[in-house]
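A short write-up of the structure that comes next.
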Amino acid sequence: MVRVLISIAVIFASLLMACRREGPKPLARSFDRFLYPEDLRGVVPAGVGGNDSIMLVRSYIEQWVRQQALLHHAQRNIAMNTKRLEAQVEEYKNGLIVYEYEQALVNQKLDTVVTDAEILDYYTTHPELFMLKQPILKVSYIQLHTDAPELDRVKRLFVSPDFEDQDVLEKYCARYALSYRLRDTTWQYADLLAKKLPLSRLGEENYSRTKRIFEIIENNELYLIILHDSKFGICAHHFRWYIRTYAT
C-alpha cells in the first residue's frame, strides 16, 4: 500500500513538472515573482510596432523588475501594520469605485455637443467672465550691463527675423547677458514680468506699441524689451472674428 502511494505521488509530481514545462515561459523573474507574456497585454497601444513596441515592452519589464525588488526588500525590512495597510487599500479601492460611478453618471447626463450658437450666446451674455484682471504680454528681453560690447549690433540682431542673426544673438546673450528671453510666444501676466523687468518705467500706455525695442537703463543695467503682443480689459480679441462670423 505504501509503495502504491509513493508511486502515485511520483507520477503526480512528474505530471506537475511536465505541466510547468509545457506552460508559458516567464519573461522575467524577481525573487519569487514571475512576469509572463499575458501580463503584457495592453502595454503596447494599437498601431505601435517595430522598435517603438520593443522599447515599450523593455521599459515595462525593467520597471516591473525594479518594483518587485523594492517590494521584496520593503516586505522583509519594514514592520508593517497589516490591518492599517488593508484598511488604506480598501479605502483607496472604494474611492476609485465611487469616482468611476460618478463619472458614469456625468457621462449619462452631460450633453457634450455644444453648438457654435450656444458658445456665442454664452460669451456675449457673460462678458464679465472674460475680463482680464490685469494686462497679459508676450515679451522678449535682454538684460545687459550698460558697458556690454557691440550694443548697436545687438539691437539690430534683436529685431532681425533672420535665423542666422537670431543664432548669433543667442550666442552673444549666453556670453554677456545677465538674463534674456528670445522669441518668446507665451502669455505672461504683467505683474509677474514686473518682478524681473522695469515695466513701470515702460508704462501701461505703451503696451500696445508692439514689434519695437524699448530701452530702459536702471541700476547701471540696460534692458532691451520687445512687446510682441498685449491684451487688457475684456479679452475679446480672439473672439472678434467669431462674433463677426456668427452674430449676423
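Here's how to read the names in the C-alpha cells: chain A, B, ... by the order shown, residue numbers from 1 in each chain, ligand numbers from 1 in the order shown.
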Expected answer as a short mmCIF file (atom, residue, chain, number, x, y, z; two decimals) with C-alpha atoms, in the first residue's frame: strand (DSSP E or B) residues in segment 19-175 of chain A:
```cif
data_model
loop_
_atom_site.label_atom_id
_atom_site.label_comp_id
_atom_site.auth_asym_id
_atom_site.auth_seq_id
_atom_site.Cartn_x
_atom_site.Cartn_y
_atom_site.Cartn_z
CA ALA A 28 11.35 37.95 -16.21
CA ARG A 29 11.80 36.93 -12.60
CA SER A 30 12.33 38.97 -9.49
CA ARG A 33 7.66 36.65 -8.68
CA PHE A 34 7.37 35.91 -12.42
CA LEU A 35 6.26 38.06 -15.34
CA MET A 131 -12.44 90.29 -18.20
CA ILE A 136 -1.01 89.99 -20.30
CA LEU A 137 2.01 90.33 -22.56
CA LYS A 138 4.20 88.41 -24.96
CA VAL A 139 7.69 89.72 -24.32
CA SER A 140 11.26 89.11 -25.41
CA TYR A 141 14.02 90.86 -23.50
CA ILE A 142 17.78 91.09 -22.94
CA GLN A 143 19.31 92.37 -19.70
CA LEU A 144 22.91 93.58 -20.04
CA HIS A 145 25.48 95.70 -18.29
#
```
Close residues, Leu224 of chain A itself excluded, 12 Å, only C-alpha atoms, min 2 positions apart in chain, as a ChimeraX atom specification: /A:139-146,151-152,154-159,173,177-182,197-199,202,212-218,221-222,226-227
Go ahead and save the residues from that selection, with C-alpha atoms, as a PDB file, in the first residue's frame.
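Resulting contents of result-v7.pdb:
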```pdb
ATOM      1  CA  VAL A 139       7.692  89.724 -24.319  1.00  0.00           C
ATOM      2  CA  SER A 140      11.258  89.112 -25.410  1.00  0.00           C
ATOM      3  CA  TYR A 141      14.022  90.861 -23.499  1.00  0.00           C
ATOM      4  CA  ILE A 142      17.775  91.089 -22.944  1.00  0.00           C
ATOM      5  CA  GLN A 143      19.312  92.368 -19.698  1.00  0.00           C
ATOM      6  CA  LEU A 144      22.905  93.578 -20.043  1.00  0.00           C
ATOM      7  CA  HIS A 145      25.481  95.704 -18.289  1.00  0.00           C
ATOM      8  CA  THR A 146      25.499  99.185 -19.780  1.00  0.00           C
ATOM      9  CA  LEU A 151      25.234  97.165 -28.205  1.00  0.00           C
ATOM     10  CA  ASP A 152      24.236  98.691 -31.556  1.00  0.00           C
ATOM     11  CA  VAL A 154      22.803  93.594 -30.544  1.00  0.00           C
ATOM     12  CA  LYS A 155      19.813  95.878 -31.175  1.00  0.00           C
ATOM     13  CA  ARG A 156      19.911  95.141 -34.910  1.00  0.00           C
ATOM     14  CA  LEU A 157      20.083  91.404 -34.266  1.00  0.00           C
ATOM     15  CA  PHE A 158      17.259  91.626 -31.731  1.00  0.00           C
ATOM     16  CA  VAL A 159      14.731  92.897 -34.300  1.00  0.00           C
ATOM     17  CA  CYS A 173      23.394  86.517 -24.835  1.00  0.00           C
ATOM     18  CA  ALA A 177      23.565  88.799 -20.879  1.00  0.00           C
ATOM     19  CA  LEU A 178      22.602  88.837 -17.215  1.00  0.00           C
ATOM     20  CA  SER A 179      19.239  87.439 -18.223  1.00  0.00           C
ATOM     21  CA  TYR A 180      17.395  87.030 -21.512  1.00  0.00           C
ATOM     22  CA  ARG A 181      14.388  85.508 -23.215  1.00  0.00           C
ATOM     23  CA  LEU A 182      14.302  85.495 -27.020  1.00  0.00           C
ATOM     24  CA  LEU A 197      11.737  93.798 -15.790  1.00  0.00           C
ATOM     25  CA  PRO A 198      11.245  97.539 -15.086  1.00  0.00           C
ATOM     26  CA  LEU A 199       7.803  97.615 -16.727  1.00  0.00           C
ATOM     27  CA  LEU A 202       7.727 101.443 -19.714  1.00  0.00           C
ATOM     28  CA  ARG A 212       9.755  97.693 -31.465  1.00  0.00           C
ATOM     29  CA  ILE A 213      12.610  97.880 -28.966  1.00  0.00           C
ATOM     30  CA  PHE A 214      12.187  99.716 -25.681  1.00  0.00           C
ATOM     31  CA  GLU A 215      15.463 100.656 -23.997  1.00  0.00           C
ATOM     32  CA  ILE A 216      15.461 101.173 -20.239  1.00  0.00           C
ATOM     33  CA  ILE A 217      18.516 101.817 -18.059  1.00  0.00           C
ATOM     34  CA  GLU A 218      18.190 101.071 -14.360  1.00  0.00           C
ATOM     35  CA  GLU A 221      21.883  97.799 -16.339  1.00  0.00           C
ATOM     36  CA  LEU A 222      20.367  98.037 -19.805  1.00  0.00           C
ATOM     37  CA  ILE A 226      10.232  93.917 -27.356  1.00  0.00           C
ATOM     38  CA  LEU A 227       6.472  93.580 -26.860  1.00  0.00           C
TER      39      LEU A 227
END
```
Could you pull the residues within 10 Å of segment 56-66 of chain A, counting only C-alpha atoms, minus those fewer than 2 positions along the same chain, as a PyMOL selection string? chain A and resi 27-31+33-35+40+43-45+48-49+51-54+68-72
Please extract the residues of segment 60-240 of chain A with a backbone DSSP assignment of helix (DSSP H, G or I) and present them as a PyMOL selection string. chain A and resi 60-77+82-109+116-125+127-130+151-159+163-176+190-193+199-202+204-206+237-240
What is the atom CA of Asp229 of chain A to atom CA of Tyr207 of chain A distance in Å? 8.0 Å
As a check of understanding: the span from atom CA of Pro135 of chain A to atom CA of Ala190 of chain A is 5.7 Å
One decimal, in Å: what's the spacing between atom CA of Leu105 of chain A and atom CA of Tyr92 of chain A? 20.1 Å
